[in-house]
Structures are given as C-alpha cells and as structure tokens.
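Participant: File name upload20.txt; file contents compact mmCIF, C-alpha atoms; full text below.
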# COMPACT_ATOMS: atom_id res chain seq x y z
CA MET A 959 117.91 106.61 -5.88
CA ALA A 960 117.68 105.30 -9.45
CA LYS A 961 116.58 107.80 -12.10
CA ILE A 962 114.58 106.81 -15.17
CA VAL A 963 113.43 109.01 -18.07
CA PRO A 964 110.94 108.64 -20.93
CA PHE A 965 112.10 109.20 -24.51
CA LYS A 966 110.75 109.52 -28.04
CA ALA A 967 111.46 106.09 -29.50
CA VAL A 968 111.85 105.40 -33.19
CA ARG A 969 109.90 102.24 -33.99
CA PRO A 970 108.74 100.19 -36.98
CA THR A 971 105.21 100.83 -38.14
CA ARG A 972 102.71 98.33 -36.80
CA ASP A 973 102.27 96.56 -40.14
CA LYS A 974 106.04 96.06 -40.64
CA VAL A 975 107.34 95.30 -37.16
CA CYS A 976 107.62 91.52 -37.61
CA LEU A 977 109.64 92.06 -40.81
CA VAL A 978 111.89 94.82 -39.44
CA THR A 979 113.05 93.48 -36.08
CA CYS A 980 115.87 90.96 -35.94
CA ARG A 981 118.02 89.11 -33.45
CA SER A 982 121.38 90.51 -32.46
CA TYR A 983 123.65 90.54 -35.52
CA GLU A 984 126.16 88.13 -33.92
CA GLU A 985 123.52 85.42 -33.47
CA TYR A 986 123.13 84.73 -37.19
CA VAL A 987 125.22 82.11 -38.97
CA ASN A 988 126.43 83.21 -42.40
CA ALA A 989 123.80 81.32 -44.42
CA GLU A 990 120.94 82.64 -42.29
CA LEU A 991 122.29 86.19 -42.45
CA ALA A 992 122.61 86.01 -46.23
CA ALA A 993 119.04 84.72 -46.58
CA GLN A 994 117.66 87.55 -44.45
CA LEU A 995 119.55 90.20 -46.39
CA ASP A 996 118.72 88.70 -49.78
CA PHE A 997 114.99 88.14 -49.27
CA ASN A 998 113.81 90.61 -46.62
CA PRO A 999 114.39 94.23 -47.70
CA LEU A 1000 112.76 95.51 -44.49
CA SER A 1001 115.08 93.71 -42.04
CA PHE A 1002 116.95 95.93 -39.61
CA LEU A 1003 119.97 93.83 -40.59
CA HIS A 1004 120.25 96.06 -43.67
CA ILE A 1005 121.01 98.93 -41.28
CA LEU A 1006 123.44 96.91 -39.19
CA LYS A 1007 125.18 95.51 -42.30
CA PRO A 1008 124.77 98.25 -44.95
CA ALA A 1009 127.65 97.17 -47.21
CA TYR A 1010 126.29 93.64 -47.77
CA THR A 1011 125.32 94.17 -51.42
CA ASN A 1012 128.53 96.08 -52.19
CA PRO A 1013 131.20 94.73 -49.84
CA GLU A 1014 134.41 96.70 -49.61
CA THR A 1015 137.16 97.25 -47.09
CA VAL A 1016 136.47 100.56 -45.36
CA SER A 1017 137.46 102.25 -42.13
CA PHE A 1018 135.35 101.78 -39.03
CA GLU A 1019 134.22 105.40 -39.22
CA LYS A 1020 133.05 105.10 -42.84
CA ARG A 1021 131.23 101.86 -42.08
CA TYR A 1022 129.48 103.41 -39.09
CA ARG A 1023 128.44 106.42 -41.16
CA GLN A 1024 126.95 103.99 -43.69
CA VAL A 1025 124.94 102.48 -40.84
CA HIS A 1026 123.62 105.95 -39.99
CA GLN A 1027 122.73 106.68 -43.62
CA LYS A 1028 120.86 103.40 -44.03
CA TYR A 1029 119.01 104.16 -40.80
CA GLU A 1030 117.99 107.55 -42.21
CA ASP A 1031 116.82 105.80 -45.40
CA PHE A 1032 114.51 103.57 -43.33
CA LYS A 1033 113.07 106.67 -41.67
CA ASN A 1034 112.62 108.50 -44.96
CA GLU A 1035 110.79 105.47 -46.37
CA LEU A 1036 108.52 105.49 -43.28
CA ILE A 1037 109.61 102.01 -42.30
CA LEU A 1038 110.68 103.54 -38.99
CA ILE A 1039 108.74 106.40 -37.38
CA LYS A 1040 109.58 108.54 -34.34
CA ASP A 1041 106.99 108.88 -31.57
CA ASN A 1042 105.61 112.37 -31.05
CA LYS A 1043 105.75 112.36 -27.25
CA PRO A 1044 108.29 111.03 -24.74
CA ALA A 1045 107.11 107.69 -23.42
CA ILE A 1046 108.11 104.59 -21.55
CA TYR A 1047 107.42 101.18 -23.05
CA ILE A 1048 106.37 97.87 -21.57
CA HIS A 1049 107.70 94.90 -23.49
CA LYS A 1050 106.61 91.29 -22.99
CA ILE A 1051 108.37 88.29 -24.54
CA VAL A 1052 106.75 84.86 -24.46
CA THR A 1053 109.02 81.94 -25.40
CA LYS A 1054 108.26 78.22 -25.47
CA THR A 1055 109.29 77.91 -21.82
CA HIS A 1056 109.26 81.37 -20.21
CA SER A 1057 107.54 84.74 -20.16
CA PHE A 1058 109.45 87.99 -19.54
CA THR A 1059 107.98 91.45 -18.99
CA GLY A 1060 110.04 94.60 -18.53
CA ILE A 1061 110.05 98.37 -18.89
CA ILE A 1062 112.05 100.19 -21.58
CA VAL A 1063 113.35 103.55 -20.34
CA GLY A 1064 116.41 105.73 -20.23
CA THR A 1065 118.61 105.31 -17.15
CA SER A 1066 121.28 107.71 -15.96
CA VAL A 1067 124.96 107.64 -16.94
CA VAL A 1068 125.60 109.58 -13.71
CA ASP A 1069 123.93 106.77 -11.74
CA TYR A 1070 126.30 104.32 -13.44
CA CYS A 1071 129.32 106.45 -12.56
CA ASN A 1072 128.11 106.72 -8.96
CA ASN A 1073 127.60 102.94 -8.64
CA ILE A 1074 123.83 103.22 -8.27
CA ILE A 1075 123.76 101.11 -11.42
CA LYS A 1076 126.07 98.23 -10.50
CA LYS A 1077 128.10 95.84 -12.64
CA HIS A 1078 129.46 92.33 -12.10
CA GLU A 1079 131.40 91.61 -15.33
CA ASP A 1080 134.77 92.75 -16.60
CA ILE A 1081 135.03 94.58 -19.91
CA ILE A 1082 137.44 94.55 -22.85
CA ALA A 1083 138.69 98.08 -23.51
CA PHE A 1084 139.02 97.59 -27.28
CA ARG A 1085 135.44 96.35 -27.59
CA VAL A 1086 134.19 99.31 -25.54
CA ARG A 1087 136.00 101.78 -27.80
CA LEU A 1088 134.53 100.15 -30.93
CA LEU A 1089 131.01 100.32 -29.48
CA LYS A 1090 131.50 103.94 -28.50
CA GLU A 1091 132.67 104.87 -32.01
CA TYR A 1092 129.82 102.86 -33.52
CA MET A 1093 127.19 104.79 -31.54
CA LYS A 1094 128.97 108.10 -32.08
CA TYR A 1095 128.75 107.87 -35.87
CA SER A 1096 125.55 105.84 -36.24
CA GLU A 1097 123.85 108.22 -33.76
CA PHE A 1098 121.47 105.63 -32.35
CA ASN A 1099 121.24 102.69 -29.96
CA THR A 1100 118.81 99.80 -30.43
CA GLU A 1101 120.11 97.22 -27.94
CA PRO A 1102 118.91 98.05 -24.41
CA VAL A 1103 121.08 97.17 -21.45
CA LEU A 1104 119.27 94.51 -19.40
CA MET A 1105 119.03 95.67 -15.77
CA THR A 1106 117.24 94.15 -12.80
CA TYR A 1107 115.42 95.87 -9.96
CA PRO A 1108 114.20 94.37 -6.66
CA ASP A 1109 110.85 92.62 -6.87
CA ASN A 1110 108.17 95.24 -6.28
CA LYS A 1111 104.49 94.33 -5.95
CA THR A 1112 103.37 97.88 -6.77
CA ILE A 1113 105.24 97.88 -10.09
CA GLU A 1114 104.09 94.31 -10.79
CA ASN A 1115 100.43 95.30 -10.32
CA TRP A 1116 100.87 98.39 -12.49
CA ILE A 1117 102.44 96.35 -15.30
CA PHE A 1118 99.63 93.81 -15.06
CA ASP A 1119 96.99 96.55 -15.41
CA CYS A 1120 98.80 98.13 -18.37
CA THR A 1121 99.14 94.82 -20.20
CA GLN A 1122 95.40 94.11 -20.05
CA LYS A 1123 94.94 96.74 -22.76
CA LEU A 1124 95.42 96.19 -26.49
CA ALA A 1125 99.14 96.13 -27.26
CA ASP A 1126 100.70 98.61 -29.70
CA PHE A 1127 102.65 95.67 -31.15
CA GLU A 1128 101.94 91.94 -31.17
CA PHE A 1129 103.99 89.70 -33.42
CA SER A 1130 105.66 86.30 -33.62
CA THR A 1131 109.18 85.38 -34.71
CA THR A 1132 110.70 82.41 -36.49
CA LYS A 1133 112.08 81.31 -33.11
CA LYS A 1134 108.46 80.83 -31.98
CA GLU A 1135 108.54 83.80 -29.62
CA ILE A 1136 105.62 86.19 -29.22
CA HIS A 1137 106.41 89.86 -28.58
CA TYR A 1138 104.05 92.51 -27.19
CA MET A 1139 104.63 96.21 -26.58
CA TRP A 1140 102.60 98.91 -24.85
CA LYS A 1141 103.44 102.63 -25.03
CA ILE A 1142 102.86 104.67 -21.85
CA GLU A 1143 102.92 108.39 -22.54
CA ASP A 1144 100.65 109.81 -19.83
CA ALA A 1145 102.82 112.32 -17.92
CA LEU A 1146 101.22 111.61 -14.53
CA GLU A 1147 101.74 107.87 -14.95
CA ILE A 1148 105.36 108.36 -15.99
CA ASN A 1149 106.01 110.69 -13.05
CA TRP A 1150 104.47 108.13 -10.68
CA LEU A 1151 106.81 105.41 -11.98
CA GLN A 1152 109.82 107.73 -11.75
CA ASN A 1153 109.00 108.34 -8.09
CA ILE A 1154 108.82 104.59 -7.48
CA PHE A 1155 112.30 104.06 -8.95
CA GLU A 1156 113.72 107.03 -7.04
CA LYS A 1157 113.06 104.94 -3.93
CA THR A 1158 115.07 102.05 -5.41
CA ASP A 1159 118.63 102.04 -4.07
CA ASN A 1160 120.27 100.16 -6.94
CA LEU A 1161 119.81 98.70 -10.39
CA TYR A 1162 122.00 95.76 -11.43
CA ILE A 1163 123.33 95.21 -14.95
CA ALA A 1164 122.43 91.68 -16.02
CA ASP A 1165 123.57 91.92 -19.64
CA GLY A 1166 125.18 94.79 -21.56
CA HIS A 1167 128.29 95.80 -19.59
CA HIS A 1168 130.30 96.81 -22.67
CA ARG A 1169 127.45 98.90 -24.05
CA THR A 1170 127.00 100.70 -20.71
CA GLU A 1171 130.68 101.56 -20.48
CA ALA A 1172 130.69 102.73 -24.12
CA LEU A 1173 127.75 105.05 -23.42
CA LYS A 1174 129.64 106.44 -20.43
CA LEU A 1175 132.58 107.31 -22.72
CA LEU A 1176 130.21 108.82 -25.27
CA SER A 1177 128.65 110.98 -22.56
CA GLU A 1178 132.07 112.16 -21.40
CA GLU A 1179 132.94 113.23 -24.96
CA ASN A 1180 129.67 115.10 -25.44
CA ASP A 1181 130.51 118.77 -26.07
CA ASP A 1182 126.92 119.81 -26.80
CA PRO A 1183 125.18 120.89 -23.56
CA GLY A 1184 121.85 120.79 -25.37
CA ASN A 1185 122.21 117.09 -26.19
CA THR A 1186 120.92 115.34 -23.08
CA ALA A 1187 120.25 112.07 -24.93
CA LYS A 1188 123.88 111.05 -24.42
CA ASN A 1189 123.42 111.33 -20.67
CA HIS A 1190 121.12 108.31 -20.63
CA ILE A 1191 121.35 104.58 -21.29
CA LEU A 1192 118.66 102.75 -23.25
CA SER A 1193 117.62 100.13 -20.68
CA TYR A 1194 115.25 97.22 -20.29
CA LEU A 1195 114.33 97.03 -16.59
CA ILE A 1196 113.05 93.70 -15.35
CA SER A 1197 112.34 92.40 -11.84
CA GLU A 1198 114.88 90.06 -10.29
CA ASN A 1199 112.50 87.09 -10.27
CA ASN A 1200 111.76 87.48 -13.98
CA VAL A 1201 115.24 86.87 -15.44
CA LYS A 1202 116.41 83.43 -16.50
CA ILE A 1203 120.05 82.60 -15.82
CA TYR A 1204 121.78 79.71 -17.59
CA GLU A 1205 125.28 78.39 -17.01
CA PHE A 1206 128.11 78.41 -19.51
CA ASN A 1207 129.65 74.94 -19.72
CA ARG A 1208 133.34 74.48 -20.52
CA LEU A 1209 134.98 72.44 -23.29
CA VAL A 1210 138.75 71.89 -23.24
CA LYS A 1211 140.84 70.54 -26.12
CA ASP A 1212 143.42 68.53 -24.14
CA LEU A 1213 144.47 67.33 -20.68
CA ASN A 1214 147.68 69.40 -20.63
CA GLY A 1215 149.81 66.32 -21.35
CA LEU A 1216 148.31 64.23 -18.54
CA SER A 1217 146.94 60.73 -18.94
CA LYS A 1218 143.30 60.17 -18.00
CA GLU A 1219 144.38 58.30 -14.88
CA ASP A 1220 146.78 61.02 -13.71
CA PHE A 1221 144.21 63.72 -14.41
CA ILE A 1222 141.59 61.94 -12.29
CA LYS A 1223 144.14 61.51 -9.46
CA GLU A 1224 144.66 65.28 -9.49
CA LEU A 1225 140.92 65.90 -9.42
CA GLU A 1226 140.46 63.58 -6.43
CA LYS A 1227 142.55 65.91 -4.26
CA ASP A 1228 139.69 68.44 -4.26
CA PHE A 1229 136.63 66.51 -5.45
CA ILE A 1230 134.72 63.32 -4.73
CA LEU A 1231 134.29 61.58 -8.10
CA GLU A 1232 131.56 59.17 -9.13
CA ASN A 1233 131.56 57.50 -12.53
CA LYS A 1234 128.10 57.77 -14.15
CA PHE A 1235 129.27 55.82 -17.23
CA GLN A 1236 126.89 56.56 -20.15
CA GLN A 1237 124.23 58.30 -18.04
CA PRO A 1238 124.22 62.05 -18.85
CA PHE A 1239 124.76 64.00 -15.64
CA HIS A 1240 123.80 67.58 -14.82
CA PRO A 1241 124.59 68.96 -11.34
CA SER A 1242 121.55 69.83 -9.22
CA GLN A 1243 123.19 72.14 -6.68
CA LYS A 1244 126.12 74.48 -6.09
CA HIS A 1245 129.64 73.06 -5.75
CA HIS A 1246 128.62 69.97 -7.72
CA PHE A 1247 129.97 69.59 -11.25
CA GLY A 1248 129.45 67.30 -14.21
CA MET A 1249 132.29 66.06 -16.40
CA TYR A 1250 132.47 64.12 -19.65
CA LEU A 1251 135.73 62.38 -20.48
CA ASP A 1252 136.60 59.35 -22.61
CA ASN A 1253 132.98 58.38 -23.36
CA GLU A 1254 131.91 58.55 -19.71
CA PHE A 1255 130.08 61.07 -17.51
CA TYR A 1256 131.27 61.83 -13.98
CA SER A 1257 129.86 63.59 -10.94
CA LEU A 1258 132.32 65.86 -9.11
CA ILE A 1259 131.51 67.13 -5.61
CA LEU A 1260 133.80 69.66 -3.94
CA ARG A 1261 135.21 68.16 -0.76
CA LYS A 1262 133.90 69.83 2.41
CA GLU A 1263 137.40 70.46 3.73
CA ASN A 1264 138.13 72.53 0.61
CA GLU A 1265 135.12 74.83 1.02
CA ILE A 1266 137.16 77.83 2.17
CA PHE A 1267 135.35 80.92 0.94
CA LEU A 1268 136.58 84.39 1.87
CA THR A 1269 134.59 86.42 -0.67
CA ALA A 1270 131.44 86.17 -2.79
CA LEU A 1271 133.72 85.41 -5.75
CA ASP A 1272 135.22 82.37 -4.01
CA THR A 1273 131.80 80.70 -3.72
CA LEU A 1274 131.07 80.83 -7.46
CA ASP A 1275 131.21 77.47 -9.23
CA THR A 1276 132.94 79.05 -12.22
CA GLN A 1277 135.66 80.42 -9.92
CA ILE A 1278 136.00 77.09 -8.08
CA LEU A 1279 136.43 75.22 -11.37
CA TYR A 1280 139.01 77.78 -12.50
CA LYS A 1281 141.00 77.75 -9.24
CA LYS A 1282 140.86 73.98 -8.67
CA VAL A 1283 140.99 72.54 -12.19
CA LEU A 1284 141.40 74.82 -15.18
CA LEU A 1285 144.36 76.81 -13.87
CA PRO A 1286 146.41 74.38 -11.73
CA ILE A 1287 145.78 71.13 -13.63
CA LEU A 1288 145.01 72.15 -17.21
CA ALA A 1289 147.17 75.32 -17.23
CA ILE A 1290 144.43 77.54 -18.63
CA GLU A 1291 145.20 80.97 -17.23
CA ASP A 1292 143.33 83.32 -19.56
CA LEU A 1293 139.69 82.20 -19.71
CA ARG A 1294 138.85 84.81 -22.32
CA ASN A 1295 141.65 84.32 -24.83
CA ASP A 1296 143.09 80.81 -24.42
CA GLU A 1297 142.30 78.90 -27.63
CA ARG A 1298 142.18 75.57 -25.77
CA ILE A 1299 138.88 76.40 -24.06
CA GLU A 1300 135.42 77.12 -25.48
CA TYR A 1301 132.00 77.67 -23.95
CA LEU A 1302 128.54 76.29 -24.54
CA SER A 1303 125.47 77.87 -22.96
CA GLY A 1304 123.25 75.81 -20.72
CA LYS A 1305 120.40 76.34 -23.18
CA GLN A 1306 122.02 73.66 -25.31
CA SER A 1307 121.72 69.98 -24.49
CA ILE A 1308 124.39 68.14 -22.51
CA LEU A 1309 124.46 65.76 -25.46
CA GLU A 1310 125.95 68.58 -27.55
CA ILE A 1311 128.97 68.49 -25.22
CA LYS A 1312 129.15 64.72 -25.61
CA ASN A 1313 128.95 64.96 -29.40
CA LYS A 1314 131.73 67.57 -29.67
CA ILE A 1315 134.03 65.44 -27.52
CA ASP A 1316 133.13 62.15 -29.22
CA GLN A 1317 133.89 63.75 -32.60
CA GLY A 1318 137.37 64.73 -31.41
CA GLU A 1319 136.93 68.50 -31.29
CA PHE A 1320 137.62 68.50 -27.55
CA GLU A 1321 138.91 66.03 -24.99
CA ILE A 1322 136.94 66.99 -21.89
CA GLY A 1323 133.83 68.91 -20.92
CA PHE A 1324 132.66 70.40 -17.61
CA ILE A 1325 128.97 70.92 -16.82
CA LEU A 1326 128.07 73.56 -14.24
CA PHE A 1327 125.11 74.51 -12.06
CA PRO A 1328 123.79 77.96 -13.02
CA SER A 1329 124.42 81.01 -10.85
CA ASN A 1330 121.49 82.94 -9.39
CA ILE A 1331 120.61 86.61 -9.12
CA GLY A 1332 121.66 86.68 -5.46
CA GLU A 1333 125.22 85.72 -6.40
CA ILE A 1334 125.32 88.38 -9.11
CA LYS A 1335 124.14 91.06 -6.66
CA ALA A 1336 126.59 89.96 -3.97
CA LEU A 1337 129.47 90.30 -6.41
CA ALA A 1338 128.29 93.69 -7.64
CA ASP A 1339 127.79 94.98 -4.09
CA ALA A 1340 131.33 93.91 -3.19
CA ASN A 1341 132.77 95.44 -6.41
CA LEU A 1342 133.92 91.99 -7.53
CA ILE A 1343 134.00 90.63 -11.08
CA MET A 1344 132.72 87.27 -12.31
CA PRO A 1345 135.03 85.08 -14.39
CA PRO A 1346 134.35 85.40 -18.15
CA LYS A 1347 131.43 83.38 -19.50
CA SER A 1348 129.83 82.73 -16.13
CA THR A 1349 126.23 83.44 -17.09
CA TYR A 1350 123.95 83.40 -20.12
CA ILE A 1351 120.98 85.58 -19.22
CA GLU A 1352 117.58 85.94 -20.83
CA PRO A 1353 115.55 87.73 -22.08
CA LYS A 1354 117.38 88.78 -25.24
CA PHE A 1355 116.10 91.91 -26.98
CA ARG A 1356 115.47 92.23 -30.70
CA SER A 1357 117.28 94.94 -32.69
CA GLY A 1358 115.08 97.49 -34.41
CA LEU A 1359 112.12 97.12 -32.07
CA VAL A 1360 112.92 100.33 -30.20
CA VAL A 1361 115.58 102.81 -31.35
CA TYR A 1362 117.00 105.44 -29.01
CA GLU A 1363 118.49 108.35 -30.93
CA LEU A 1364 121.71 109.87 -29.64
Could you render the structure from this file as structure tokens?

Facilitator:
Amino acid sequence: MAKIVPFKAVRPTRDKVCLVTCRSYEEYVNAELAAQLDFNPLSFLHILKPAYTNPETVSFEKRYRQVHQKYEDFKNELILIKDNKPAIYIHKIVTKTHSFTGIIVGTSVVDYCNNIIKKHEDIIAFRVRLLKEYMKYSEFNTEPVLMTYPDNKTIENWIFDCTQKLADFEFSTTKKEIHYMWKIEDALEINWLQNIFEKTDNLYIADGHHRTEALKLLSEENDDPGNTAKNHILSYLISENNVKIYEFNRLVKDLNGLSKEDFIKELEKDFILENKFQQPFHPSQKHHFGMYLDNEFYSLILRKENEIFLTALDTLDTQILYKKVLLPILAIEDLRNDERIEYLSGKQSILEIKNKIDQGEFEIGFILFPSNIGEIKALADANLIMPPKSTYIEPKFRSGLVVYEL
C-alpha cells in the first residue's frame, strides 16, 4: 500500500535549466569543479558550495545556513521558481546507451518505517547525521531517492501517453545526456496514479539509503504539526526493468604476504582457475569471477561442491568473494574502511583495472558479474544487507533540476 503525494517543486526557468543543473557534487574532480564555479554563475554548484569564492573554516551549521541563503538568492534572482500547484513530474534521461523514464513524487516516511519502502544496504550513522543536519538547515532536498516498483503495463502506457506531449524541459548535458521533464498537475490524473500505487505492496530503494534514513530522522525531530513536507521523501520512482545495475570491481594492494603461487593454491580450494593470459576476461554469469594478477587474466569458477547457500545473501557474488577470498586469504575484514581495498564501477573498462595494477598502485584485481533487481528484492524482503559497494545503479539524477522544500 505505497503512498505517493504531489508537491510544489522549485525548478530552474526553462531558459536556464541547462546552465543551472549539475551532477552530484561528489562526482566532480577539483579542476572541473573550479571551472564550473569560476565560469558558470548559474550553476547549482554555487548553492552546494557557497563558500568557494571566500573559503573559510566554519562549523557545519554555518556552512549549511550559507547553502540555504545562496538558495534563497537564486530564488530572489528568479533563477529558480516555485510551481503554483502541487504536481508530479515525469523525467526521462537518454544516455548514449540507455533510456530511463521515472516519476518524481513524494513518498511516505511512515511507509519507510513500516517496511513498505524496503532497503538492502547498510548505512553509516555519521553520514546520516550529517545529511540530516544539512537538510535541516538548508531546508531543501534536490537529490531524489531512486526507488523501483514492479513493472506495471498500466503505468507504462500512461507514461507513454504523457511523454508524447511537448516537454516542459528538454536539454542536453556535457556528458551527452538528453533530459526531458513533463509536469502533471491535473488533480484527477494525480488521484488516479495515487490509487494505482496504493495497490502496490512495496517500493524498493535502489539508491539513496543514507538520504532516506536522514529524512526519517528529520521527520522524527519535526515539532511543527503544520509542516507535512518533512513527512515525505523526494523520490524518483522507476519500474524494475528500467534500472541499469553495474558491478563494483575490487582492487587490492597486496597478497597479504603470500607469493603468487601460494595465493593461487589457496584459491584452487574453492575455485576452478583458468589462465587467460593477456586476454581480458569478464564473467558472463553468476558465481564466475575474473581476476588480474601479475600481467595475466584468470577465470575463476566457484566449485559446485562449495555452492552451499542458506540465504539470499550467501548467493551474492560479492559475498562469495568476501567469504572465500577477501576475508580468509587476503585478511580484509572491513570492506568499507580497509585502506588496502578500492572499488571501480563496472561502467569503467576492465583495462582500467589492468592499468592500475600494471602501474603498481595495486597488486590484484577481481572482476564481478553484476547483481540483478531480483537479488536486491530478495535481500530486502529477507531484511538482509548487501556487502558495501555491491552495486552501481543508474539512472543518476541531476542536482537543481527539481527542488523539494522542507
């Protein structure tokens, strides 16, 4: 029984949208960030990084209040304008290889607390507290939580009909993506969609676990009964068959004191190894792994006699690699904080793994087969948690495209 609500979004004006919106702040390298802030006065990055032109060491609270003030400046200058009526928004992203279409709405914090909105990732308490404080003082949210819903032909047909009309926004980015947005503010249409989602048993968080938990804390602290905005989560709802899931490959700096020969002997207890020499190898199915070590690629296949799976977590390739290799052989216990291991998303070429190892940054790399939405749902339904850095999920939303005021 998932609940969705319309809201009055704050959005860039049509003529400025391509200049205002930006990727998530963390995605920019320093040189690119500096160029955006130096040469694009309309970039939403000026809101996210308000002290750029006058850097100083300030408390988190003061910095977050500066974010809020810069946001108000953008509104006062009519760079950002608030819609007059509550609406829902259809957003389509076309990349070089994929097309994603979803619905931007508010979802219920109560649904999250009641496990109608389900999670599959662990969270870091400190990061959640920082996000909560950030949204408390900035008083807005512009990064929707990506959630999936079961494939629904009725919703699919409705979205198709809506997207045949002229879009409110249509713009391209420097990453060669095309973005479209349609505003739906007809009350009957919104009510119809709400009824459809009320018949949906569960929504599943694909990306945005920390933000969801932070919004839960913010809602719990809300002492203003008239402020219902804090009872909802800015969300981008997308059908299960429309998300793209990549793997996170692993790079490790050493063999934990083992020689190459001894390490391979340890691997052969649980895996069938085949040397691929210089031929780059990417696994094509579950429980198969790629490895790059000492200028050679290897295929690793989990031995049938070791396929003992008691839970949905046990079947995950990331968990198998952790339990069979990273923990017992390489002594990597903490996947999130151990400095000996790093991660590379499957969007990047296998040759990037090879290059990093050949240059001496790392000694060994493991290449995984990506998880699927069924595995994510099975974990969430069983209240189990994926190992850190198990999935890299698209689409990624641009900051400043839609702002939800808190």

Participant: Using only C-alpha atoms, which of the listed residues (A:Pro1328, A:Pro1044, A:Pro1345, A:Pro964) sits closest to Gln1243 (chain A)?

Facilitator: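 Of A:Pro1328, A:Pro1044, A:Pro1345, A:Pro964, the one nearest Gln1243 (chain A), counting only C-alpha atoms, is A:Pro1328.
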
Participant: Name the residues in contact with His1167 (chain A) at a cut-off of 7 Å, using all atoms listed in the file, excluding same-chain residues fewer than 4 positions from it; report them as a count of residues only.

Facilitator: 5

Participant: Work out how far CA of Ser1057 (chain A) is from CA of Val1201 (chain A), in Å to one decimal.

Facilitator: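 Separating CA of Val1201 (chain A) from CA of Ser1057 (chain A) is a distance of 9.3 Å.
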
Participant: For the contact check between region 1259-1354 of chain A and region 1082-1098 of chain A, emit one row per residue of region 1259-1354 of chain A within 12 Å, containing the shortest atom pair and the distance in Å rounded to one decimal, counting all atoms listed in the file, chain then rising number order, as JSON lines.

Facilitator:
{"residue": "A:Arg1294", "atom": "CA", "partner": "A:Ile1082", "partner_atom": "CA", "distance": 9.9}
{"residue": "A:Asn1295", "atom": "CA", "partner": "A:Ile1082", "partner_atom": "CA", "distance": 11.2}
{"residue": "A:Pro1346", "atom": "CA", "partner": "A:Ile1082", "partner_atom": "CA", "distance": 10.7}

Participant: So the first atom is CA of Ile1325 (chain A) and the second is CA of Lys1202 (chain A); what is the distance between them in Å, to one decimal place?

Facilitator: 17.7 Å

Participant: Counting only C-alpha atoms, which of A:Ile1230, A:Ile1278, A:Leu1337, A:Met959 gets nearest to Arg1261 (chain A)?

Facilitator: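 Of A:Ile1230, A:Ile1278, A:Leu1337, A:Met959, the one nearest Arg1261 (chain A), counting only C-alpha atoms, is A:Ile1230.
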
Participant: Rounded to one decimal place, report the CA of Thr1100 (chain A)-CA of Leu1192 (chain A) distance in Å.

Facilitator: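 CA of Thr1100 (chain A) sits 7.8 Å away from CA of Leu1192 (chain A).
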
Participant: Go through A:Tyr1107, A:Phe1267, A:Tyr986, A:Tyr1047 one by one, measure the shortest atom-to-atom distance of each to Ile1062 (chain A) using all atoms listed in the file, and give the residue with the smallest value.

Facilitator: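 Distance minimum relative to Ile1062 (chain A) lands on A:Tyr1047.
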